[in-house]
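Peer 1: Sharing a structure, written as structure tokens. Questions coming.
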Amino acid sequence: MPASHIRRWRSLTFAASTLLIALAVPATGAGAAPATAAAPTATAAVTTYDDTYYANAIGKTGSSLKTALHTIISSQTKISYDAVWNALKVTDQDPKNSSNVILLYSGISRAKTLNGGNSGNWNREHVWAKSHGDFGTATGPGTDLHHLRPEDVAVNGIRGNLDFDNGGSAVTNGGGSLVDSNSFEPRDAVKGDVARMILYMAVRYEGGDGFADLEPDDIVNNGSNPYIGRLSVLKQWNDEDPPDAFEQNRNQVIYATYQHNRNPFIDHPEWVESIY
């Protein structure tokens with residue numbers, strides 16, 4: 001990062017969740033020519049789980065870190081696809097209205113009771129499209145709450161199984177999301193959330209438990225291959241949209257109440273750059 005550019009890593013803490021440390025880089029001396037700003041990168045985080053849950057990962061980098069995290073987060077309680085309905089009513093509850101959930105791409109607060117498959121309902125969006133690796137709704141990747149989110153039926157259908165990338169036309173009732181023929185761009189407020197969900201799936205599902213080895217790549221039009229792109233864009237989104245209180249709380253609820261595993265990239269966003 002150029003010396004003239006200051007970037008503060010923002011964070012909101014949640015009970016028993018993440019504490020992120022804000023860092024700043026001092027400016028250059030007077031009279032120095034302004035430098036071109038580089039893309040921001042996530043700064044190091046410290047969490048309450050570093051000495052316990054992540055103990056075997058702390059200090060590692062690259063492939064060693066990915067292997068350690070895979071081992072840690074693979075220990076989880078699995079739930080059925082039917083059970084996902086009620087779980088999402090808790091994990092994605094609107095902080096301002098306990099009768100509603102927040103829809104991922106739309107950002108709309110909608111009644112919990114409006115879950116289903118009809119127009120005006122919300123349903124279960126697989127952020128890692130279930131056709132990318134052909135895991136469907138099988139218990140495992142198909143029911144993993146760390147990438148399942150409530151979304152409007154119509155908006156979910158528009159996203160379909162598209163890869164993620166920048167650009168496109170506005171999605172009707174999509175909260176600022178964009179779509180084109182081969183990719184989907186979520187609204188700004190959840191771009192980092194999407195990136196961290198995708199990369200969680202890639203670390204969790206490595207092909208050793210009867211499911212495909214899921215991996216991010218840097219292309220679109222991945223079809224039924226067990227890949228989702230674009231990795232370079234997902235990394236950018238991770239930096240530009242750090243974890244907020246809603247995402248941190250969701251991670252904690254999944255850990256404490258349902259699956260008993262965590263998304264490490266919510267607790268340590270800087271691990272994205274270390275691994276990828």
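All residue names refer to the structure tokens as shown: chains lettered A, B, ... in order, residues numbered from 1 in each chain, ligands numbered from 1 in order.
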Could you name the residues that touch A:Asp193 at 12 Å or less, counting only C-alpha atoms, but leaving out those on the same chain fewer than 4 positions away, as a short mmCIF file (atom, residue, chain, number, x, y, z; two decimals) with all heavy atoms, in the first residue's frame?

Peer 2:
data_model
loop_
_atom_site.label_atom_id
_atom_site.label_comp_id
_atom_site.auth_asym_id
_atom_site.auth_seq_id
_atom_site.Cartn_x
_atom_site.Cartn_y
_atom_site.Cartn_z
N LEU A 104 -30.39 -11.93 1.13
CA LEU A 104 -28.98 -11.70 0.85
C LEU A 104 -28.75 -10.66 -0.24
O LEU A 104 -28.12 -9.63 0.01
CB LEU A 104 -28.30 -13.02 0.46
CG LEU A 104 -26.84 -12.91 0.01
CD1 LEU A 104 -25.96 -12.40 1.13
CD2 LEU A 104 -26.35 -14.26 -0.50
N TYR A 105 -29.18 -10.94 -1.45
CA TYR A 105 -28.89 -10.05 -2.57
C TYR A 105 -29.77 -8.81 -2.55
O TYR A 105 -29.32 -7.71 -2.86
CB TYR A 105 -29.07 -10.79 -3.90
CG TYR A 105 -28.26 -12.05 -4.04
CD1 TYR A 105 -28.85 -13.23 -4.48
CD2 TYR A 105 -26.90 -12.07 -3.73
CE1 TYR A 105 -28.11 -14.40 -4.62
CE2 TYR A 105 -26.16 -13.24 -3.85
CZ TYR A 105 -26.77 -14.41 -4.30
OH TYR A 105 -26.05 -15.56 -4.42
N VAL A 127 -25.25 -20.18 -2.36
CA VAL A 127 -24.30 -19.19 -2.88
C VAL A 127 -23.25 -19.89 -3.73
O VAL A 127 -22.89 -19.41 -4.82
CB VAL A 127 -23.67 -18.39 -1.72
CG1 VAL A 127 -22.63 -17.40 -2.25
CG2 VAL A 127 -24.77 -17.63 -0.97
N HIS A 146 -23.22 -22.31 6.04
CA HIS A 146 -22.26 -21.25 5.79
C HIS A 146 -22.35 -20.68 4.37
O HIS A 146 -21.74 -19.65 4.09
CB HIS A 146 -20.84 -21.74 6.07
CG HIS A 146 -20.50 -21.78 7.53
ND1 HIS A 146 -20.47 -20.66 8.33
CD2 HIS A 146 -20.19 -22.83 8.35
CE1 HIS A 146 -20.13 -21.00 9.57
NE2 HIS A 146 -19.97 -22.30 9.61
N HIS A 147 -23.10 -21.34 3.47
CA HIS A 147 -23.30 -20.74 2.15
C HIS A 147 -24.76 -20.72 1.73
O HIS A 147 -25.06 -20.37 0.58
CB HIS A 147 -22.45 -21.45 1.09
CG HIS A 147 -23.09 -22.67 0.49
ND1 HIS A 147 -23.42 -22.75 -0.86
CD2 HIS A 147 -23.48 -23.84 1.04
CE1 HIS A 147 -23.97 -23.93 -1.10
NE2 HIS A 147 -24.02 -24.61 0.03
N LEU A 148 -25.67 -21.04 2.62
CA LEU A 148 -27.10 -20.99 2.33
C LEU A 148 -27.70 -19.73 2.94
O LEU A 148 -27.50 -19.46 4.13
CB LEU A 148 -27.80 -22.23 2.87
CG LEU A 148 -27.57 -23.51 2.07
CD1 LEU A 148 -27.91 -24.74 2.89
CD2 LEU A 148 -28.39 -23.49 0.79
N ARG A 149 -28.42 -18.97 2.13
CA ARG A 149 -28.98 -17.70 2.60
C ARG A 149 -30.39 -17.52 2.07
O ARG A 149 -30.74 -18.03 0.99
CB ARG A 149 -28.11 -16.52 2.10
CG ARG A 149 -26.66 -16.56 2.54
CD ARG A 149 -26.48 -16.32 4.02
NE ARG A 149 -26.82 -14.97 4.41
CZ ARG A 149 -25.93 -13.97 4.51
NH1 ARG A 149 -24.65 -14.19 4.26
NH2 ARG A 149 -26.32 -12.76 4.89
N PRO A 186 -23.37 -9.20 -6.74
CA PRO A 186 -24.27 -8.85 -5.65
C PRO A 186 -24.12 -7.39 -5.25
O PRO A 186 -23.15 -6.72 -5.61
CB PRO A 186 -23.83 -9.77 -4.51
CG PRO A 186 -22.39 -10.06 -4.81
CD PRO A 186 -22.26 -10.06 -6.30
N ARG A 187 -25.10 -6.90 -4.51
CA ARG A 187 -25.03 -5.52 -4.01
C ARG A 187 -23.76 -5.33 -3.19
O ARG A 187 -23.21 -6.28 -2.61
CB ARG A 187 -26.28 -5.20 -3.19
CG ARG A 187 -26.46 -6.06 -1.94
CD ARG A 187 -27.83 -5.84 -1.30
NE ARG A 187 -28.04 -6.76 -0.19
CZ ARG A 187 -27.92 -6.42 1.10
NH1 ARG A 187 -27.61 -5.18 1.45
NH2 ARG A 187 -28.12 -7.32 2.05
N ASP A 188 -23.30 -4.08 -3.12
CA ASP A 188 -22.01 -3.78 -2.49
C ASP A 188 -21.93 -4.26 -1.05
O ASP A 188 -20.87 -4.72 -0.60
CB ASP A 188 -21.75 -2.27 -2.52
CG ASP A 188 -21.44 -1.75 -3.92
OD1 ASP A 188 -21.17 -2.59 -4.82
OD2 ASP A 188 -21.49 -0.52 -4.12
N ALA A 189 -23.03 -4.17 -0.30
CA ALA A 189 -22.99 -4.45 1.13
C ALA A 189 -22.72 -5.91 1.46
O ALA A 189 -22.38 -6.23 2.62
CB ALA A 189 -24.30 -4.01 1.79
N MET A 197 -18.06 -16.77 1.76
CA MET A 197 -18.83 -18.02 1.69
C MET A 197 -18.26 -18.95 0.64
O MET A 197 -18.14 -20.16 0.86
CB MET A 197 -20.31 -17.70 1.42
CG MET A 197 -21.05 -17.14 2.61
SD MET A 197 -22.83 -16.94 2.31
CE MET A 197 -22.84 -15.38 1.45
N ILE A 198 -17.94 -18.40 -0.52
CA ILE A 198 -17.37 -19.21 -1.60
C ILE A 198 -16.05 -19.84 -1.16
O ILE A 198 -15.80 -21.04 -1.37
CB ILE A 198 -17.17 -18.37 -2.87
CG1 ILE A 198 -18.52 -17.98 -3.47
CG2 ILE A 198 -16.30 -19.10 -3.89
CD1 ILE A 198 -19.34 -19.14 -3.98
N LEU A 199 -15.20 -19.06 -0.53
CA LEU A 199 -13.87 -19.57 -0.16
C LEU A 199 -13.96 -20.53 1.04
O LEU A 199 -13.15 -21.46 1.14
CB LEU A 199 -12.93 -18.41 0.11
CG LEU A 199 -12.71 -17.52 -1.13
CD1 LEU A 199 -11.83 -16.33 -0.80
CD2 LEU A 199 -12.12 -18.32 -2.28
N TYR A 200 -14.94 -20.34 1.91
CA TYR A 200 -15.20 -21.35 2.94
C TYR A 200 -15.49 -22.69 2.29
O TYR A 200 -14.95 -23.73 2.69
CB TYR A 200 -16.38 -20.92 3.82
CG TYR A 200 -17.00 -22.09 4.58
CD1 TYR A 200 -16.49 -22.49 5.81
CD2 TYR A 200 -18.06 -22.81 4.03
CE1 TYR A 200 -17.04 -23.59 6.48
CE2 TYR A 200 -18.61 -23.90 4.68
CZ TYR A 200 -18.09 -24.29 5.92
OH TYR A 200 -18.62 -25.38 6.56
N LEU A 234 -13.41 -12.04 -6.33
CA LEU A 234 -13.80 -12.42 -4.97
C LEU A 234 -12.78 -11.89 -3.95
O LEU A 234 -13.17 -11.42 -2.87
CB LEU A 234 -13.92 -13.94 -4.87
CG LEU A 234 -15.04 -14.58 -5.69
CD1 LEU A 234 -14.92 -16.10 -5.65
CD2 LEU A 234 -16.41 -14.14 -5.19
N LYS A 235 -11.52 -11.95 -4.28
CA LYS A 235 -10.49 -11.43 -3.39
C LYS A 235 -10.64 -9.92 -3.22
O LYS A 235 -10.49 -9.39 -2.12
CB LYS A 235 -9.10 -11.78 -3.93
CG LYS A 235 -8.75 -13.25 -3.83
CD LYS A 235 -7.45 -13.58 -4.55
CE LYS A 235 -6.27 -12.88 -3.95
NZ LYS A 235 -5.00 -13.24 -4.63
N GLN A 236 -10.94 -9.25 -4.29
CA GLN A 236 -11.18 -7.81 -4.23
C GLN A 236 -12.38 -7.50 -3.34
O GLN A 236 -12.33 -6.60 -2.51
CB GLN A 236 -11.41 -7.27 -5.64
CG GLN A 236 -11.76 -5.80 -5.71
CD GLN A 236 -12.18 -5.37 -7.12
OE1 GLN A 236 -12.11 -6.13 -8.07
NE2 GLN A 236 -12.64 -4.14 -7.23
N TRP A 237 -13.44 -8.25 -3.51
CA TRP A 237 -14.64 -8.04 -2.69
C TRP A 237 -14.37 -8.29 -1.22
O TRP A 237 -14.88 -7.60 -0.34
CB TRP A 237 -15.78 -8.94 -3.18
CG TRP A 237 -16.32 -8.58 -4.53
CD1 TRP A 237 -16.03 -7.47 -5.28
CD2 TRP A 237 -17.27 -9.33 -5.30
NE1 TRP A 237 -16.72 -7.49 -6.46
CE2 TRP A 237 -17.49 -8.61 -6.50
CE3 TRP A 237 -17.94 -10.54 -5.11
CZ2 TRP A 237 -18.37 -9.07 -7.50
CZ3 TRP A 237 -18.81 -11.00 -6.08
CH2 TRP A 237 -19.02 -10.27 -7.27
N ASN A 238 -13.57 -9.30 -0.92
CA ASN A 238 -13.21 -9.58 0.47
C ASN A 238 -12.53 -8.38 1.11
O ASN A 238 -12.78 -8.07 2.28
CB ASN A 238 -12.29 -10.81 0.53
CG ASN A 238 -11.76 -11.08 1.92
OD1 ASN A 238 -12.50 -11.33 2.86
ND2 ASN A 238 -10.44 -11.01 2.07
N ASP A 239 -11.67 -7.71 0.35
CA ASP A 239 -10.97 -6.53 0.88
C ASP A 239 -11.88 -5.33 1.00
O ASP A 239 -11.82 -4.58 1.98
CB ASP A 239 -9.79 -6.18 -0.03
CG ASP A 239 -8.63 -7.15 0.11
OD1 ASP A 239 -8.49 -7.77 1.18
OD2 ASP A 239 -7.86 -7.30 -0.86
N GLU A 240 -12.73 -5.13 0.01
CA GLU A 240 -13.54 -3.92 -0.04
C GLU A 240 -14.73 -3.96 0.92
O GLU A 240 -15.20 -2.91 1.37
CB GLU A 240 -14.06 -3.70 -1.47
CG GLU A 240 -12.96 -3.35 -2.45
CD GLU A 240 -13.47 -3.22 -3.88
OE1 GLU A 240 -14.62 -3.64 -4.16
OE2 GLU A 240 -12.71 -2.70 -4.72
N ASP A 241 -15.20 -5.14 1.26
CA ASP A 241 -16.36 -5.28 2.15
C ASP A 241 -16.01 -6.21 3.30
O ASP A 241 -16.31 -7.40 3.28
CB ASP A 241 -17.56 -5.83 1.36
CG ASP A 241 -18.76 -6.15 2.24
OD1 ASP A 241 -19.00 -5.37 3.19
OD2 ASP A 241 -19.43 -7.17 2.00
N PRO A 242 -15.34 -5.69 4.33
CA PRO A 242 -14.96 -6.53 5.47
C PRO A 242 -16.18 -7.02 6.26
O PRO A 242 -17.28 -6.49 6.11
CB PRO A 242 -14.08 -5.61 6.32
CG PRO A 242 -14.28 -4.25 5.81
CD PRO A 242 -14.91 -4.30 4.46
N PRO A 243 -15.99 -8.03 7.10
CA PRO A 243 -17.12 -8.57 7.87
C PRO A 243 -17.76 -7.51 8.76
O PRO A 243 -17.08 -6.74 9.44
CB PRO A 243 -16.47 -9.67 8.72
CG PRO A 243 -15.23 -10.04 7.97
CD PRO A 243 -14.75 -8.78 7.33
N ASP A 244 -19.08 -7.48 8.75
CA ASP A 244 -19.81 -6.57 9.62
C ASP A 244 -20.48 -7.37 10.74
O ASP A 244 -20.32 -8.59 10.84
CB ASP A 244 -20.82 -5.73 8.85
CG ASP A 244 -21.89 -6.56 8.15
OD1 ASP A 244 -22.02 -7.77 8.45
OD2 ASP A 244 -22.61 -6.01 7.29
N ALA A 245 -21.22 -6.68 11.59
CA ALA A 245 -21.82 -7.33 12.76
C ALA A 245 -22.80 -8.43 12.37
O ALA A 245 -22.88 -9.46 13.03
CB ALA A 245 -22.52 -6.28 13.64
N PHE A 246 -23.58 -8.22 11.31
CA PHE A 246 -24.55 -9.21 10.89
C PHE A 246 -23.85 -10.50 10.46
O PHE A 246 -24.23 -11.61 10.86
CB PHE A 246 -25.38 -8.67 9.72
CG PHE A 246 -26.51 -9.57 9.30
CD1 PHE A 246 -27.76 -9.44 9.88
CD2 PHE A 246 -26.33 -10.55 8.34
CE1 PHE A 246 -28.83 -10.27 9.51
CE2 PHE A 246 -27.37 -11.39 7.96
CZ PHE A 246 -28.63 -11.24 8.54
N GLU A 247 -22.79 -10.37 9.67
CA GLU A 247 -22.05 -11.54 9.19
C GLU A 247 -21.35 -12.25 10.34
O GLU A 247 -21.33 -13.49 10.41
CB GLU A 247 -21.04 -11.11 8.13
CG GLU A 247 -20.35 -12.26 7.42
CD GLU A 247 -19.33 -11.78 6.40
OE1 GLU A 247 -19.11 -10.55 6.28
OE2 GLU A 247 -18.72 -12.65 5.73
N GLN A 248 -20.77 -11.49 11.25
CA GLN A 248 -20.09 -12.08 12.41
C GLN A 248 -21.08 -12.82 13.31
O GLN A 248 -20.79 -13.92 13.79
CB GLN A 248 -19.37 -10.99 13.19
CG GLN A 248 -18.18 -10.39 12.44
CD GLN A 248 -17.60 -9.19 13.17
OE1 GLN A 248 -18.25 -8.56 14.00
NE2 GLN A 248 -16.36 -8.86 12.83
N ARG A 250 -23.91 -14.11 12.42
CA ARG A 250 -24.36 -15.30 11.70
C ARG A 250 -23.35 -16.44 11.88
O ARG A 250 -23.72 -17.59 12.13
CB ARG A 250 -24.52 -14.94 10.22
CG ARG A 250 -25.18 -16.01 9.40
CD ARG A 250 -25.42 -15.56 7.96
NE ARG A 250 -26.36 -16.46 7.33
CZ ARG A 250 -26.03 -17.65 6.84
NH1 ARG A 250 -24.77 -18.05 6.86
NH2 ARG A 250 -26.94 -18.43 6.31
N ASN A 251 -22.09 -16.13 11.75
CA ASN A 251 -21.02 -17.12 11.94
C ASN A 251 -21.09 -17.72 13.34
O ASN A 251 -20.97 -18.94 13.52
CB ASN A 251 -19.67 -16.44 11.70
CG ASN A 251 -18.53 -17.42 11.53
OD1 ASN A 251 -18.70 -18.54 11.06
ND2 ASN A 251 -17.33 -16.98 11.89
N ASN A 263 -16.76 -20.19 9.80
CA ASN A 263 -16.14 -19.74 8.55
C ASN A 263 -14.89 -18.95 8.93
O ASN A 263 -14.99 -17.83 9.44
CB ASN A 263 -17.10 -18.86 7.75
CG ASN A 263 -16.52 -18.40 6.42
OD1 ASN A 263 -15.30 -18.32 6.25
ND2 ASN A 263 -17.37 -18.07 5.47
N PHE A 265 -12.77 -17.30 7.29
CA PHE A 265 -12.50 -16.06 6.57
C PHE A 265 -13.32 -14.89 7.11
O PHE A 265 -13.02 -13.74 6.81
CB PHE A 265 -12.75 -16.26 5.08
CG PHE A 265 -11.87 -17.33 4.49
CD1 PHE A 265 -12.41 -18.48 3.94
CD2 PHE A 265 -10.49 -17.21 4.51
CE1 PHE A 265 -11.60 -19.48 3.41
CE2 PHE A 265 -9.67 -18.19 4.00
CZ PHE A 265 -10.22 -19.33 3.44
N ILE A 266 -14.34 -15.19 7.91
CA ILE A 266 -15.04 -14.13 8.63
C ILE A 266 -14.21 -13.71 9.84
O ILE A 266 -14.09 -12.52 10.15
CB ILE A 266 -16.44 -14.59 9.04
CG1 ILE A 266 -17.30 -14.85 7.79
CG2 ILE A 266 -17.13 -13.55 9.94
CD1 ILE A 266 -18.66 -15.45 8.08
N ASP A 267 -13.64 -14.68 10.52
CA ASP A 267 -12.80 -14.38 11.68
C ASP A 267 -11.44 -13.80 11.27
O ASP A 267 -10.89 -12.95 11.98
CB ASP A 267 -12.57 -15.66 12.50
CG ASP A 267 -13.85 -16.18 13.14
OD1 ASP A 267 -14.68 -15.35 13.54
OD2 ASP A 267 -14.02 -17.41 13.23
N PRO A 269 -10.16 -12.40 7.78
CA PRO A 269 -10.25 -12.09 6.35
C PRO A 269 -8.90 -12.08 5.64
O PRO A 269 -8.82 -12.34 4.44
CB PRO A 269 -10.90 -10.70 6.32
CG PRO A 269 -11.58 -10.56 7.63
CD PRO A 269 -10.75 -11.33 8.61
#

Peer 1: Any idea what's packed within 12 Å of A:Trp122, counting only C-alpha atoms, ignoring anything in its chain fewer than 4 positions away? Could you give it as number ranges by chain?

Peer 2: A: 85, 88-89, 100-118, 149-157

Peer 1: Restricting the calculation to only C-alpha atoms: of A:His268, A:Thr137, A:Leu65, A:Glu125, which residue gets closest to A:Asp50?

Peer 2: A:His268

Peer 1: Near A:Pro141, counting only C-alpha atoms, which residues have an atom at most 12 Å away, once you skip same-chain residues fewer than 6 positions from it, shown as a compact mmCIF listing (two decimals) with N, CA and C atoms, in the first residue's frame?

Peer 2:
# COMPACT_ATOMS: atom_id res chain seq x y z
N SER A 74 -13.86 -29.15 9.10
CA SER A 74 -14.55 -30.37 8.65
C SER A 74 -15.25 -31.09 9.79
N GLN A 76 -17.99 -31.00 11.92
CA GLN A 76 -19.22 -30.23 11.99
C GLN A 76 -20.43 -31.15 12.16
N LYS A 78 -24.02 -31.98 10.80
CA LYS A 78 -24.73 -31.76 9.54
C LYS A 78 -26.24 -31.76 9.79
N ILE A 79 -26.93 -30.92 9.05
CA ILE A 79 -28.38 -30.84 9.19
C ILE A 79 -29.03 -31.20 7.86
N SER A 80 -30.32 -31.52 7.91
CA SER A 80 -31.06 -31.88 6.71
C SER A 80 -31.45 -30.63 5.93
N TYR A 81 -31.83 -30.83 4.67
CA TYR A 81 -32.25 -29.69 3.85
C TYR A 81 -33.55 -29.08 4.38
N HIS A 126 -28.33 -21.27 -2.69
CA HIS A 126 -27.00 -21.85 -2.58
C HIS A 126 -26.00 -20.86 -3.19
N VAL A 127 -25.25 -20.18 -2.36
CA VAL A 127 -24.30 -19.19 -2.88
C VAL A 127 -23.25 -19.89 -3.73
N TRP A 128 -22.73 -21.03 -3.26
CA TRP A 128 -21.97 -21.90 -4.16
C TRP A 128 -23.02 -22.72 -4.89
N ALA A 129 -23.30 -22.36 -6.14
CA ALA A 129 -24.38 -23.00 -6.89
C ALA A 129 -24.24 -24.52 -6.85
N LYS A 130 -25.33 -25.19 -6.49
CA LYS A 130 -25.25 -26.63 -6.25
C LYS A 130 -24.94 -27.44 -7.50
N SER A 131 -25.12 -26.85 -8.68
CA SER A 131 -24.76 -27.55 -9.92
C SER A 131 -23.26 -27.50 -10.19
N HIS A 132 -22.53 -26.61 -9.53
CA HIS A 132 -21.08 -26.52 -9.68
C HIS A 132 -20.44 -27.58 -8.77
N GLY A 133 -20.40 -28.79 -9.27
CA GLY A 133 -19.94 -29.92 -8.48
C GLY A 133 -21.03 -30.94 -8.29
N ASP A 134 -22.25 -30.60 -8.73
CA ASP A 134 -23.37 -31.54 -8.77
C ASP A 134 -23.64 -32.19 -7.42
N PHE A 135 -23.66 -31.36 -6.34
CA PHE A 135 -23.95 -31.94 -5.02
C PHE A 135 -25.41 -31.77 -4.61
N HIS A 147 -23.10 -21.34 3.47
CA HIS A 147 -23.30 -20.74 2.15
C HIS A 147 -24.76 -20.72 1.73
N LEU A 148 -25.67 -21.04 2.62
CA LEU A 148 -27.10 -20.99 2.33
C LEU A 148 -27.70 -19.73 2.94
N MET A 197 -18.06 -16.77 1.76
CA MET A 197 -18.83 -18.02 1.69
C MET A 197 -18.26 -18.95 0.64
N ILE A 198 -17.94 -18.40 -0.52
CA ILE A 198 -17.37 -19.21 -1.60
C ILE A 198 -16.05 -19.84 -1.16
N TYR A 200 -14.94 -20.34 1.91
CA TYR A 200 -15.20 -21.35 2.94
C TYR A 200 -15.49 -22.69 2.29
N MET A 201 -16.38 -22.70 1.32
CA MET A 201 -16.77 -23.95 0.66
C MET A 201 -15.56 -24.63 0.01
N ALA A 202 -14.68 -23.83 -0.58
CA ALA A 202 -13.51 -24.38 -1.24
C ALA A 202 -12.54 -25.03 -0.26
N VAL A 203 -12.43 -24.48 0.93
CA VAL A 203 -11.55 -25.05 1.95
C VAL A 203 -12.23 -26.24 2.63
N ARG A 204 -13.52 -26.15 2.87
CA ARG A 204 -14.23 -27.22 3.57
C ARG A 204 -14.34 -28.49 2.72
N TYR A 205 -14.66 -28.35 1.45
CA TYR A 205 -14.94 -29.51 0.60
C TYR A 205 -13.80 -29.74 -0.38
N GLU A 206 -12.93 -30.66 0.01
CA GLU A 206 -11.70 -30.94 -0.74
C GLU A 206 -11.74 -32.28 -1.46
N GLY A 207 -12.92 -32.90 -1.54
CA GLY A 207 -13.05 -34.13 -2.30
C GLY A 207 -12.81 -35.41 -1.51
N ASP A 209 -14.64 -36.55 1.14
CA ASP A 209 -15.79 -37.07 1.87
C ASP A 209 -16.93 -37.47 0.94
N GLY A 210 -16.58 -37.87 -0.27
CA GLY A 210 -17.58 -38.34 -1.22
C GLY A 210 -18.16 -37.26 -2.10
N PHE A 211 -17.78 -36.01 -1.88
CA PHE A 211 -18.24 -34.91 -2.70
C PHE A 211 -17.08 -34.37 -3.54
N ALA A 212 -17.41 -33.56 -4.52
CA ALA A 212 -16.40 -33.01 -5.41
C ALA A 212 -15.44 -32.09 -4.65
N ASP A 213 -14.25 -31.94 -5.18
CA ASP A 213 -13.25 -31.00 -4.67
C ASP A 213 -13.61 -29.63 -5.22
N LEU A 214 -14.19 -28.79 -4.39
CA LEU A 214 -14.64 -27.47 -4.82
C LEU A 214 -13.47 -26.49 -4.79
N PRO A 226 -16.76 -28.35 -10.77
CA PRO A 226 -16.77 -27.98 -9.35
C PRO A 226 -15.95 -26.72 -9.06

Peer 1: Fewer than 2 positions away in the same chain doesn't count, so skip those; otherwise give me all residues within 10 Å of A:Thr172, counting only C-alpha atoms, as number ranges by chain.

Peer 2: A: 106, 154-155, 158, 169-170, 174-178

Peer 1: To test your reading of the structure, identify every residue in stretch 113-253 of chain A that backbone DSSP assigns to strand (DSSP E), and report it as JSON, numbers by chain.

Peer 2: {"A": [122, 123, 124, 125, 126, 148, 149, 150, 151, 152, 163, 164, 169, 170, 178, 179, 183, 184, 185, 215, 216, 227, 228]}

Peer 1: Please return as a list in words: the residues of stretch 39-86 of chain A that backbone DSSP assigns to helix (DSSP H, G or I).

Peer 2: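 Answer for stretch 39-86 of chain A, restricted to helix (DSSP H, G or I): Gly62, Ser63, Ser64, Leu65, Lys66, Thr67, Ala68, Leu69, His70, Thr71, Ile72, Ile73, Tyr81, Asp82, Ala83, Val84, Trp85 and Asn86 of chain A.
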
Peer 1: Compare A:Ser75, A:Ser98, A:Thr91, A:Asn161 by their minimum atom-to-atom distance to A:Ser224, counting only C-alpha atoms, and give me the closest one.

Peer 2: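 Closest candidate: A:Asn161.
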
Peer 1: A:Val190, A:Ser183, A:Asn261, A:Ser274: which is nearest A:Gly229, counting only C-alpha atoms?

Peer 2: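 Result for the nearest residue to A:Gly229: A:Ser183.
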
Peer 1: How far is it from atom CA of A:Thr47 to atom CA of A:Leu231, in Å with one decimal?

Peer 2: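 Between these atoms lies a distance of 25.5 Å.
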